[in-house]
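J.: Contents of entry_29.cif (mmCIF, C-alpha atoms (C1' of nucleotides)):
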```
data_final
loop_
_atom_site.label_atom_id
_atom_site.label_comp_id
_atom_site.auth_asym_id
_atom_site.auth_seq_id
_atom_site.Cartn_x
_atom_site.Cartn_y
_atom_site.Cartn_z
CA MET A 1 96.63 173.01 -120.58
CA SER A 2 98.17 175.89 -118.70
CA GLN A 3 101.57 176.85 -120.03
CA ILE A 4 102.28 178.88 -116.93
CA PRO A 5 104.99 177.27 -114.78
CA LEU A 6 104.39 176.86 -111.07
CA ALA A 7 105.56 179.73 -108.90
CA ARG A 8 105.38 180.27 -105.17
CA ARG A 9 105.41 184.06 -105.47
CA SER A 10 105.02 186.60 -108.24
CA PRO A 11 108.23 188.30 -109.38
CA ILE A 12 106.99 191.65 -108.12
CA PRO A 13 105.17 192.03 -104.83
CA PRO A 14 101.65 193.26 -105.51
CA GLU A 15 102.06 196.39 -103.45
CA ASN A 16 104.95 197.58 -105.62
CA CYS A 17 103.02 196.93 -108.75
CA ASN A 18 101.06 199.69 -110.38
CA LEU A 19 98.34 197.17 -110.98
CA ALA A 20 97.63 197.07 -107.29
CA ARG A 21 97.42 200.86 -107.14
CA THR A 22 95.05 200.79 -110.07
CA ILE A 23 92.89 198.20 -108.42
CA GLU A 24 92.71 200.36 -105.32
CA ILE A 25 90.83 202.88 -107.42
CA VAL A 26 88.77 200.94 -109.93
CA GLY A 27 88.65 197.55 -108.27
CA ASP A 28 85.08 197.51 -107.16
CA ARG A 29 81.66 196.85 -108.53
CA TRP A 30 80.27 200.36 -108.63
CA THR A 31 83.33 202.25 -109.73
CA LEU A 32 83.67 200.32 -112.96
CA LEU A 33 79.98 200.76 -113.69
CA ILE A 34 80.26 204.48 -113.01
CA LEU A 35 83.10 204.71 -115.50
CA ARG A 36 81.14 202.70 -118.02
CA ALA A 37 78.23 205.11 -117.74
CA ALA A 38 80.57 208.09 -117.90
CA LEU A 39 82.10 206.77 -121.10
CA TYR A 40 78.62 206.73 -122.57
CA GLY A 41 78.14 210.36 -121.61
CA VAL A 42 76.35 210.19 -118.27
CA ARG A 43 77.44 213.10 -116.08
CA ARG A 44 74.84 213.90 -113.45
CA PHE A 45 74.26 212.49 -110.04
CA ASP A 46 70.68 211.41 -110.52
CA ASP A 47 71.43 209.98 -113.95
CA PHE A 48 74.21 207.85 -112.53
CA GLN A 49 71.91 206.76 -109.78
CA ALA A 50 69.07 205.81 -112.12
CA GLU A 51 71.52 204.01 -114.36
CA LEU A 52 73.23 201.98 -111.65
CA GLY A 53 70.49 201.61 -109.09
CA CYS A 54 73.07 201.89 -106.34
CA PRO A 55 72.54 203.58 -103.00
CA ARG A 56 73.03 207.31 -103.20
CA THR A 57 75.45 207.19 -100.32
CA VAL A 58 77.67 204.82 -102.22
CA LEU A 59 77.46 206.84 -105.40
CA SER A 60 78.30 210.02 -103.59
CA GLY A 61 81.35 208.37 -102.02
CA ARG A 62 82.57 206.80 -105.24
CA LEU A 63 82.26 210.03 -107.19
CA LYS A 64 84.34 211.74 -104.53
CA ILE A 65 87.01 209.06 -104.81
CA LEU A 66 87.10 209.29 -108.58
CA VAL A 67 87.38 213.06 -108.48
CA ASP A 68 90.17 212.89 -105.92
CA ALA A 69 91.98 210.30 -108.00
CA GLY A 70 91.68 212.51 -111.05
CA LEU A 71 89.55 210.31 -113.28
CA LEU A 72 86.55 212.61 -113.06
CA THR A 73 86.43 216.38 -113.02
CA ARG A 74 83.74 218.18 -111.11
CA LYS A 75 82.35 221.03 -113.19
CA THR A 76 79.31 223.20 -112.93
CA TYR A 77 76.58 223.27 -115.50
CA LYS A 78 73.60 225.58 -115.74
CA VAL A 79 70.42 224.99 -117.66
CA PRO A 80 68.75 228.39 -118.22
CA GLY A 81 65.99 228.82 -115.73
CA LYS A 82 67.46 226.20 -113.43
CA ARG A 83 70.00 226.47 -110.68
CA ALA A 84 73.61 225.61 -111.26
CA ARG A 85 74.50 221.96 -110.61
CA PRO A 86 77.69 219.94 -110.54
CA GLU A 87 78.45 217.44 -113.24
CA TYR A 88 81.12 214.77 -113.36
CA VAL A 89 83.08 214.67 -116.59
CA LEU A 90 85.78 212.21 -117.50
CA SER A 91 89.31 213.58 -117.57
CA ALA A 92 91.93 212.32 -120.01
CA MET A 93 92.96 209.94 -117.26
CA GLY A 94 89.47 208.51 -117.14
CA ILE A 95 88.99 208.37 -120.88
CA SER A 96 92.18 206.39 -121.26
CA LEU A 97 90.53 203.53 -119.41
CA ARG A 98 88.21 203.05 -122.34
CA PRO A 99 90.19 200.26 -124.06
CA ILE A 100 90.15 198.31 -120.85
CA LEU A 101 86.42 198.67 -120.32
CA ILE A 102 85.80 197.62 -123.88
CA GLY A 103 88.23 194.75 -123.42
CA LEU A 104 86.31 193.59 -120.37
CA THR A 105 83.06 193.87 -122.29
CA GLN A 106 84.41 191.77 -125.12
CA TRP A 107 85.78 189.22 -122.70
CA GLY A 108 82.27 188.96 -121.28
CA ASP A 109 80.80 188.65 -124.77
CA VAL A 110 83.04 185.67 -125.44
CA TRP A 111 82.80 183.85 -122.13
CA LEU A 112 79.55 184.94 -120.53
CA GLY A 113 77.28 185.77 -123.46
CA LYS A 114 75.01 182.78 -123.62
CA GLY A 115 75.28 182.22 -127.34
CA GLU A 116 73.56 185.51 -128.05
CA PRO A 117 75.30 188.05 -130.23
CA PRO A 118 76.68 190.91 -128.13
CA PRO A 119 74.25 193.81 -127.68
CA ILE A 120 76.96 196.31 -128.54
CA SER A 121 80.06 196.11 -130.70
CA PHE A 122 82.68 198.51 -131.93
CA THR A 123 83.90 199.45 -135.38
CA ARG A 124 86.22 201.91 -137.04
CA THR A 125 84.43 205.00 -138.29
CA GLY A 126 82.90 204.29 -141.65
CA SER A 127 83.59 200.58 -141.51
CA LYS A 128 81.37 197.66 -140.67
CA SER A 129 83.76 195.09 -139.36
CA ALA A 130 84.29 194.86 -135.64
CA ILE A 131 87.39 195.97 -133.82
CA ARG A 132 88.74 194.49 -130.63
CA ALA A 133 91.06 195.37 -127.79
CA ALA A 134 94.56 193.97 -128.34
CA PHE A 135 98.23 194.79 -128.00
CA VAL A 136 100.27 196.57 -130.60
CA ASP A 137 103.98 197.22 -130.98
CA HIS A 138 105.48 200.65 -131.51
CA GLU A 139 104.46 200.56 -135.16
CA GLY A 140 100.82 199.81 -134.42
CA ARG A 141 100.92 196.16 -135.46
CA GLU A 142 99.12 193.60 -133.40
CA VAL A 143 101.04 191.42 -130.97
CA ARG A 144 99.21 188.18 -130.27
CA PRO A 145 98.89 187.05 -126.64
CA ASP A 146 101.36 184.20 -127.01
CA GLN A 147 103.98 186.62 -128.30
CA ILE A 148 103.91 188.79 -125.21
CA ARG A 149 106.89 188.67 -122.86
CA ALA A 150 107.20 190.30 -119.48
CA VAL A 151 110.48 192.08 -118.80
CA LEU A 152 111.60 192.94 -115.30
CA ARG A 153 113.48 196.12 -114.70
CA GLY A 154 116.84 195.69 -113.10
CA MET B 1 88.10 218.55 -123.23
CA SER B 2 85.77 215.60 -123.21
CA GLN B 3 84.43 214.75 -126.65
CA ILE B 4 81.74 212.59 -125.13
CA PRO B 5 78.29 214.13 -125.62
CA LEU B 6 75.97 214.37 -122.65
CA ALA B 7 73.63 211.43 -122.13
CA ARG B 8 71.04 210.76 -119.49
CA ARG B 9 71.34 206.98 -119.80
CA SER B 10 73.67 204.57 -121.47
CA PRO B 11 72.35 202.96 -124.66
CA ILE B 12 72.32 199.54 -123.01
CA PRO B 13 71.19 199.04 -119.44
CA PRO B 14 74.12 197.78 -117.39
CA GLU B 15 72.39 194.59 -116.40
CA ASN B 16 72.02 193.54 -120.05
CA CYS B 17 75.61 194.31 -120.76
CA ASN B 18 78.21 191.62 -120.60
CA LEU B 19 80.47 194.11 -118.89
CA ALA B 20 78.22 194.03 -115.87
CA ARG B 21 78.32 190.26 -115.77
CA THR B 22 82.09 190.42 -116.03
CA ILE B 23 82.29 192.91 -113.20
CA GLU B 24 80.17 190.61 -111.05
CA ILE B 25 83.04 188.16 -111.21
CA VAL B 26 86.23 190.18 -111.29
CA GLY B 27 85.03 193.49 -109.93
CA ASP B 28 86.64 193.44 -106.54
CA ARG B 29 89.95 194.10 -104.93
CA TRP B 30 91.04 190.56 -104.17
CA THR B 31 89.82 188.75 -107.24
CA LEU B 32 91.93 190.79 -109.60
CA LEU B 33 94.97 190.30 -107.41
CA ILE B 34 94.32 186.56 -107.28
CA LEU B 35 94.22 186.47 -111.07
CA ARG B 36 97.39 188.51 -111.24
CA ALA B 37 99.18 186.03 -109.02
CA ALA B 38 97.73 183.10 -110.96
CA LEU B 39 99.02 184.57 -114.20
CA TYR B 40 102.48 184.58 -112.64
CA GLY B 41 102.13 180.91 -111.80
CA VAL B 42 100.89 180.91 -108.22
CA ARG B 43 98.56 177.95 -107.64
CA ARG B 44 98.39 177.01 -103.98
CA PHE B 45 96.28 178.33 -101.18
CA ASP B 46 99.07 179.34 -98.85
CA ASP B 47 101.04 180.88 -101.67
CA PHE B 48 98.11 183.03 -102.66
CA GLN B 49 97.63 183.97 -99.06
CA ALA B 50 101.27 184.94 -98.55
CA GLU B 51 101.24 186.88 -101.79
CA LEU B 52 98.08 188.86 -101.13
CA GLY B 53 98.03 189.09 -97.38
CA CYS B 54 94.26 188.76 -97.44
CA PRO B 55 92.15 186.97 -94.84
CA ARG B 56 92.00 183.25 -95.45
CA THR B 57 88.24 183.32 -95.32
CA VAL B 58 88.10 185.80 -98.14
CA LEU B 59 90.64 183.87 -100.19
CA SER B 60 88.77 180.64 -99.72
CA GLY B 61 85.53 182.27 -100.82
CA ARG B 62 87.05 184.00 -103.82
CA LEU B 63 88.72 180.85 -105.05
CA LYS B 64 85.38 179.10 -104.87
CA ILE B 65 83.73 181.83 -106.91
CA LEU B 66 86.46 181.74 -109.52
CA VAL B 67 86.24 177.97 -109.80
CA ASP B 68 82.46 178.11 -110.13
CA ALA B 69 82.73 180.83 -112.75
CA GLY B 70 85.21 178.71 -114.68
CA LEU B 71 88.28 180.95 -114.53
CA LEU B 72 90.15 178.56 -112.27
CA THR B 73 90.24 174.80 -112.32
CA ARG B 74 90.66 172.88 -109.12
CA LYS B 75 93.16 170.07 -109.61
CA THR B 76 95.01 167.82 -107.26
CA TYR B 77 98.74 167.71 -106.92
CA LYS B 78 100.83 165.35 -104.91
CA VAL B 79 104.38 165.83 -103.74
CA PRO B 80 105.82 162.38 -102.91
CA GLY B 81 105.70 161.84 -99.18
CA LYS B 82 103.03 164.49 -98.73
CA ARG B 83 99.30 164.20 -98.89
CA ALA B 84 97.42 165.21 -102.01
CA ARG B 85 96.43 168.87 -102.12
CA PRO B 86 94.27 170.99 -104.39
CA GLU B 87 95.80 173.56 -106.65
CA TYR B 88 94.07 176.31 -108.58
CA VAL B 89 95.12 176.53 -112.18
CA LEU B 90 93.94 179.09 -114.69
CA SER B 91 91.62 177.80 -117.39
CA ALA B 92 91.63 179.20 -120.91
CA MET B 93 88.89 181.51 -119.71
CA GLY B 94 91.15 182.84 -116.99
CA ILE B 95 94.21 183.12 -119.16
CA SER B 96 92.32 185.20 -121.66
CA LEU B 97 92.03 187.93 -119.07
CA ARG B 98 95.76 188.48 -119.24
CA PRO B 99 95.62 191.31 -121.78
CA ILE B 100 93.24 193.16 -119.54
CA LEU B 101 95.44 192.77 -116.49
CA ILE B 102 98.38 194.00 -118.53
CA GLY B 103 96.31 196.88 -119.77
CA LEU B 104 95.41 197.87 -116.22
CA THR B 105 99.04 197.61 -115.20
CA GLN B 106 100.11 199.90 -118.02
CA TRP B 107 97.36 202.35 -117.22
CA GLY B 108 98.74 202.46 -113.69
CA ASP B 109 102.27 202.90 -114.99
CA VAL B 110 101.19 205.95 -116.95
CA TRP B 111 98.90 207.63 -114.46
CA LEU B 112 99.96 206.41 -111.05
CA GLY B 113 103.67 205.67 -111.40
CA LYS B 114 105.31 208.56 -109.64
CA GLY B 115 107.85 209.30 -112.32
CA GLU B 116 109.60 206.01 -111.69
CA PRO B 117 110.05 203.60 -114.56
CA PRO B 118 107.63 200.70 -114.28
CA PRO B 119 108.99 197.63 -112.48
CA ILE B 120 107.71 195.39 -115.24
CA SER B 121 107.08 196.01 -118.91
CA PHE B 122 105.97 193.98 -121.88
CA THR B 123 107.45 193.35 -125.30
CA ARG B 124 106.94 191.14 -128.29
CA THR B 125 109.02 187.98 -128.11
CA GLY B 126 112.50 188.72 -129.35
CA SER B 127 111.99 192.43 -129.48
CA LYS B 128 113.01 195.17 -127.08
CA SER B 129 110.43 197.86 -127.66
CA ALA B 130 107.38 198.00 -125.45
CA ILE B 131 103.89 197.08 -126.51
CA ARG B 132 100.71 198.79 -125.41
CA ALA B 133 96.97 198.18 -125.21
CA ALA B 134 95.05 199.49 -128.20
CA PHE B 135 92.32 198.60 -130.68
CA VAL B 136 92.85 196.72 -133.89
CA ASP B 137 90.62 195.96 -136.86
CA HIS B 138 90.07 192.50 -138.28
CA GLU B 139 93.44 192.67 -140.04
CA GLY B 140 95.33 193.51 -136.87
CA ARG B 141 95.92 197.16 -137.69
CA GLU B 142 95.60 199.75 -134.99
CA VAL B 143 92.47 201.88 -134.79
CA ARG B 144 92.97 205.19 -133.03
CA PRO B 145 90.60 206.06 -130.18
CA ASP B 146 88.87 208.88 -132.09
CA GLN B 147 87.99 206.47 -134.89
CA ILE B 148 86.02 204.13 -132.68
CA ARG B 149 82.25 203.91 -133.05
CA ALA B 150 79.86 201.89 -130.94
CA VAL B 151 77.24 199.93 -132.86
CA LEU B 152 74.07 198.67 -131.25
CA ARG B 153 72.54 195.44 -132.33
CA GLY B 154 69.01 195.66 -133.61
"C1'" DA C 1 100.86 157.75 -80.74
"C1'" DC C 2 102.43 162.28 -81.80
"C1'" DG C 3 103.50 166.31 -84.17
"C1'" DC C 4 103.80 168.71 -88.72
"C1'" DT C 5 101.78 170.85 -92.74
"C1'" DG C 6 98.67 172.83 -95.88
"C1'" DG C 7 93.90 173.76 -96.76
"C1'" DA C 8 89.89 175.53 -94.91
"C1'" DT C 9 86.16 176.95 -91.32
"C1'" DT C 10 84.69 179.40 -86.97
"C1'" DT C 11 84.19 183.38 -84.29
"C1'" DA C 12 83.63 188.04 -82.84
"C1'" DG C 13 84.13 192.80 -83.86
"C1'" DA C 14 84.83 196.49 -87.35
"C1'" DA C 15 83.76 198.42 -91.63
"C1'" DT C 16 80.77 198.77 -95.43
"C1'" DC C 17 76.48 198.41 -97.81
"C1'" DC C 18 71.67 199.13 -98.49
"C1'" DG C 19 66.98 201.52 -98.82
"C1'" DA C 20 64.23 204.94 -97.43
"C1'" DA C 21 63.47 209.23 -95.72
"C1'" DC C 22 64.99 213.69 -95.07
"C1'" DT C 23 67.58 218.29 -95.98
"C1'" DC C 24 68.82 222.21 -98.60
"C1'" DT C 25 68.61 225.54 -102.32
"C1'" DT C 26 66.96 227.73 -106.26
"C1'" DT C 27 63.35 228.38 -109.73
"C1'" DC C 28 58.77 228.48 -111.43
"C1'" DA C 29 53.83 228.69 -110.91
"C1'" DA C 30 49.46 230.03 -108.42
"C1'" DT D 1 53.65 235.36 -101.15
"C1'" DT D 2 53.18 230.97 -100.65
"C1'" DG D 3 54.22 226.70 -102.23
"C1'" DA D 4 55.51 222.88 -105.13
"C1'" DA D 5 59.27 220.86 -108.00
"C1'" DA D 6 63.91 219.40 -109.05
"C1'" DG D 7 68.63 218.02 -108.30
"C1'" DA D 8 72.19 216.80 -105.33
"C1'" DG D 9 73.22 215.30 -101.78
"C1'" DT D 10 73.13 213.69 -96.21
"C1'" DT D 11 71.18 211.03 -92.25
"C1'" DC D 12 69.55 207.01 -90.29
"C1'" DG D 13 68.88 202.05 -88.71
"C1'" DG D 14 69.56 197.42 -90.09
"C1'" DA D 15 71.69 193.86 -92.91
"C1'" DT D 16 75.89 192.18 -95.23
"C1'" DT D 17 80.58 191.68 -95.71
"C1'" DC D 18 85.32 192.14 -94.23
"C1'" DT D 19 89.10 191.31 -91.19
"C1'" DA D 20 92.24 188.98 -87.89
"C1'" DA D 21 93.14 185.37 -85.06
"C1'" DA D 22 92.26 181.02 -83.38
"C1'" DT D 23 90.80 176.66 -84.43
"C1'" DC D 24 89.80 172.42 -87.06
"C1'" DC D 25 90.97 168.57 -90.05
"C1'" DA D 26 93.32 165.02 -92.72
"C1'" DG D 27 97.18 162.46 -93.98
"C1'" DC D 28 102.20 161.90 -93.65
"C1'" DG D 29 106.58 160.81 -91.21
"C1'" DT D 30 108.80 159.31 -86.97
#
```
As structure tokens, please, write out the structure in this file.
T.:
Amino acid sequence: MSQIPLARRSPIPPENCNLARTIEIVGDRWTLLILRAALYGVRRFDDFQAELGCPRTVLSGRLKILVDAGLLTRKTYKVPGKRARPEYVLSAMGISLRPILIGLTQWGDVWLGKGEPPPISFTRTGSKSAIRAAFVDHEGREVRPDQIRAVLRG
Amino acid sequence: MSQIPLARRSPIPPENCNLARTIEIVGDRWTLLILRAALYGVRRFDDFQAELGCPRTVLSGRLKILVDAGLLTRKTYKVPGKRARPEYVLSAMGISLRPILIGLTQWGDVWLGKGEPPPISFTRTGSKSAIRAAFVDHEGREVRPDQIRAVLRG
DNA sequence: ACGCTGGATTTAGAATCCGAACTCTTTCAA
DNA sequence: TTGAAAGAGTTCGGATTCTAAATCCAGCGT
């Protein structure tokens, strides 16, 4: 079934791979859920907390990490008649994770959705048919998974 | 900068979302690295361990989770003159995560690669130019990020 | 019988997680 | 002027989970 030939080691040690550095940042339960919420427009501490139901200590720590890493920007907002408060807004760096989050969602729809239609799907503006995360070449044409080749630098 | 309008909650509670179920499985440091190695062809316990440098207890537990979830299949291999051993081979379910791993890698290349060219890149078979993660419509044509709309079921 | 090898569990200590309560500051209302 | 409310955290034990290292176990070759 698997077309992947046996290997004892990967061609690139994980710690040299940018994937590992990425996982350092987003590779945990809460962080990905925080980013999901942020992509839907959630920005405030208590809103994140109500959304995730995670301990406030953990949320506070994760937000700090995401700000330090540059995925979130800490700004100040002020509702008239209320005191100024911080809000956590996605940076371009954070927004660019959107295809991956949607890709993960769609993977879950396919493999974990128990026959039910997915609760949320994505379309092009003004169209009805669904879009999906995929790979494209430099001209914007889809590259199917079996056409993908890895190329080592060297 | 952010075009995302403020929201107090996401339109779908995380626990109903297939993304959350996905994150339950792959949302930790080691699991994603295990899948990375598996996609490169690593299959055996000690090879995974040497590759990741993670505690054997953790590896053993994670492999069990991935087998139970259906991403890995536990098979038996036998080198003549040695005893039979289990090996952990990606199922179709596991292999279909490859685009996401590649997407994460490329995200890291862009945002975390310190000016260096990425150690590994991806192309279409027989081509030289790089591919990238994006969205496509049902005909395989790219949809730009600002054209994406989320549609709720109901 | 003995050691080797690869897969996996045991153990003890460190780090992390969790929930609940508490702090701090400004604003509004009595 | 006193006090309650709101939002964003921090503090605090106790429960999990992680880590590293040692150990166990089964079959193979000698």
J.: One number please: CA of Thr31 in chain B to CA of Leu59 in chain B, in Å, one decimal.
T.: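 Atom-to-atom, CA of Thr31 in chain B to CA of Leu59 in chain B, that is 8.6 Å.
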J.: Could you give the C-alpha RMSD in Å for chain B superposed on chain A, pairing all atoms in order?
T.: 0.5 Å
J.: What are the residues of chain A lining chain C at 8 Å or less? Count all atoms listed in the file, and put the answer as a list in words.
T.: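 Residues satisfying the distance criterion: Pro55, Val58, Gly81, Lys82 and Arg83 of chain A.
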J.: Taking only residues of chain A that have an atom at most 8 Å from an atom of chain D, what is each one's shortest atom pair and its distance in Å to one decimal, using all atoms listed in the file, in chain and number order, as CSV?
T.:
```
residue,atom,partner,partner_atom,distance
A:Phe45,CA,D:DA8,C1',6.7
A:Asp46,CA,D:DG7,C1',7.3
A:Ser60,CA,D:DG9,C1',7.5
A:Arg85,CA,D:DG7,C1',7.4
```
J.: For this structure, which residues satisfy the selection - the PyMOL selection byres ((chain A) within 6 of (chain B)) - when it is evaluated on the file as given? I want them as JSON, numbers by chain.
T.: {"A": [4, 5, 6, 7, 8, 10, 18, 19, 22, 27, 28, 29, 37, 40, 41, 42, 47, 105, 108, 109, 119, 120, 121, 122, 123, 124, 125, 131, 132, 133, 134, 135, 136, 137, 140, 141, 142, 147, 148, 149, 150, 151, 152, 153]}
J.: What gap, in Å, lies between CA of Ile34 in chain B and CA of Gln49 in chain B?
T.: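 Answer for the CA of Ile34 in chain B to CA of Gln49 in chain B separation: 9.2 Å.
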J.: So what do you get for CA of Leu35 in chain B versus CA of Lys64 in chain B, distance-wise?
T.: 13.1 Å
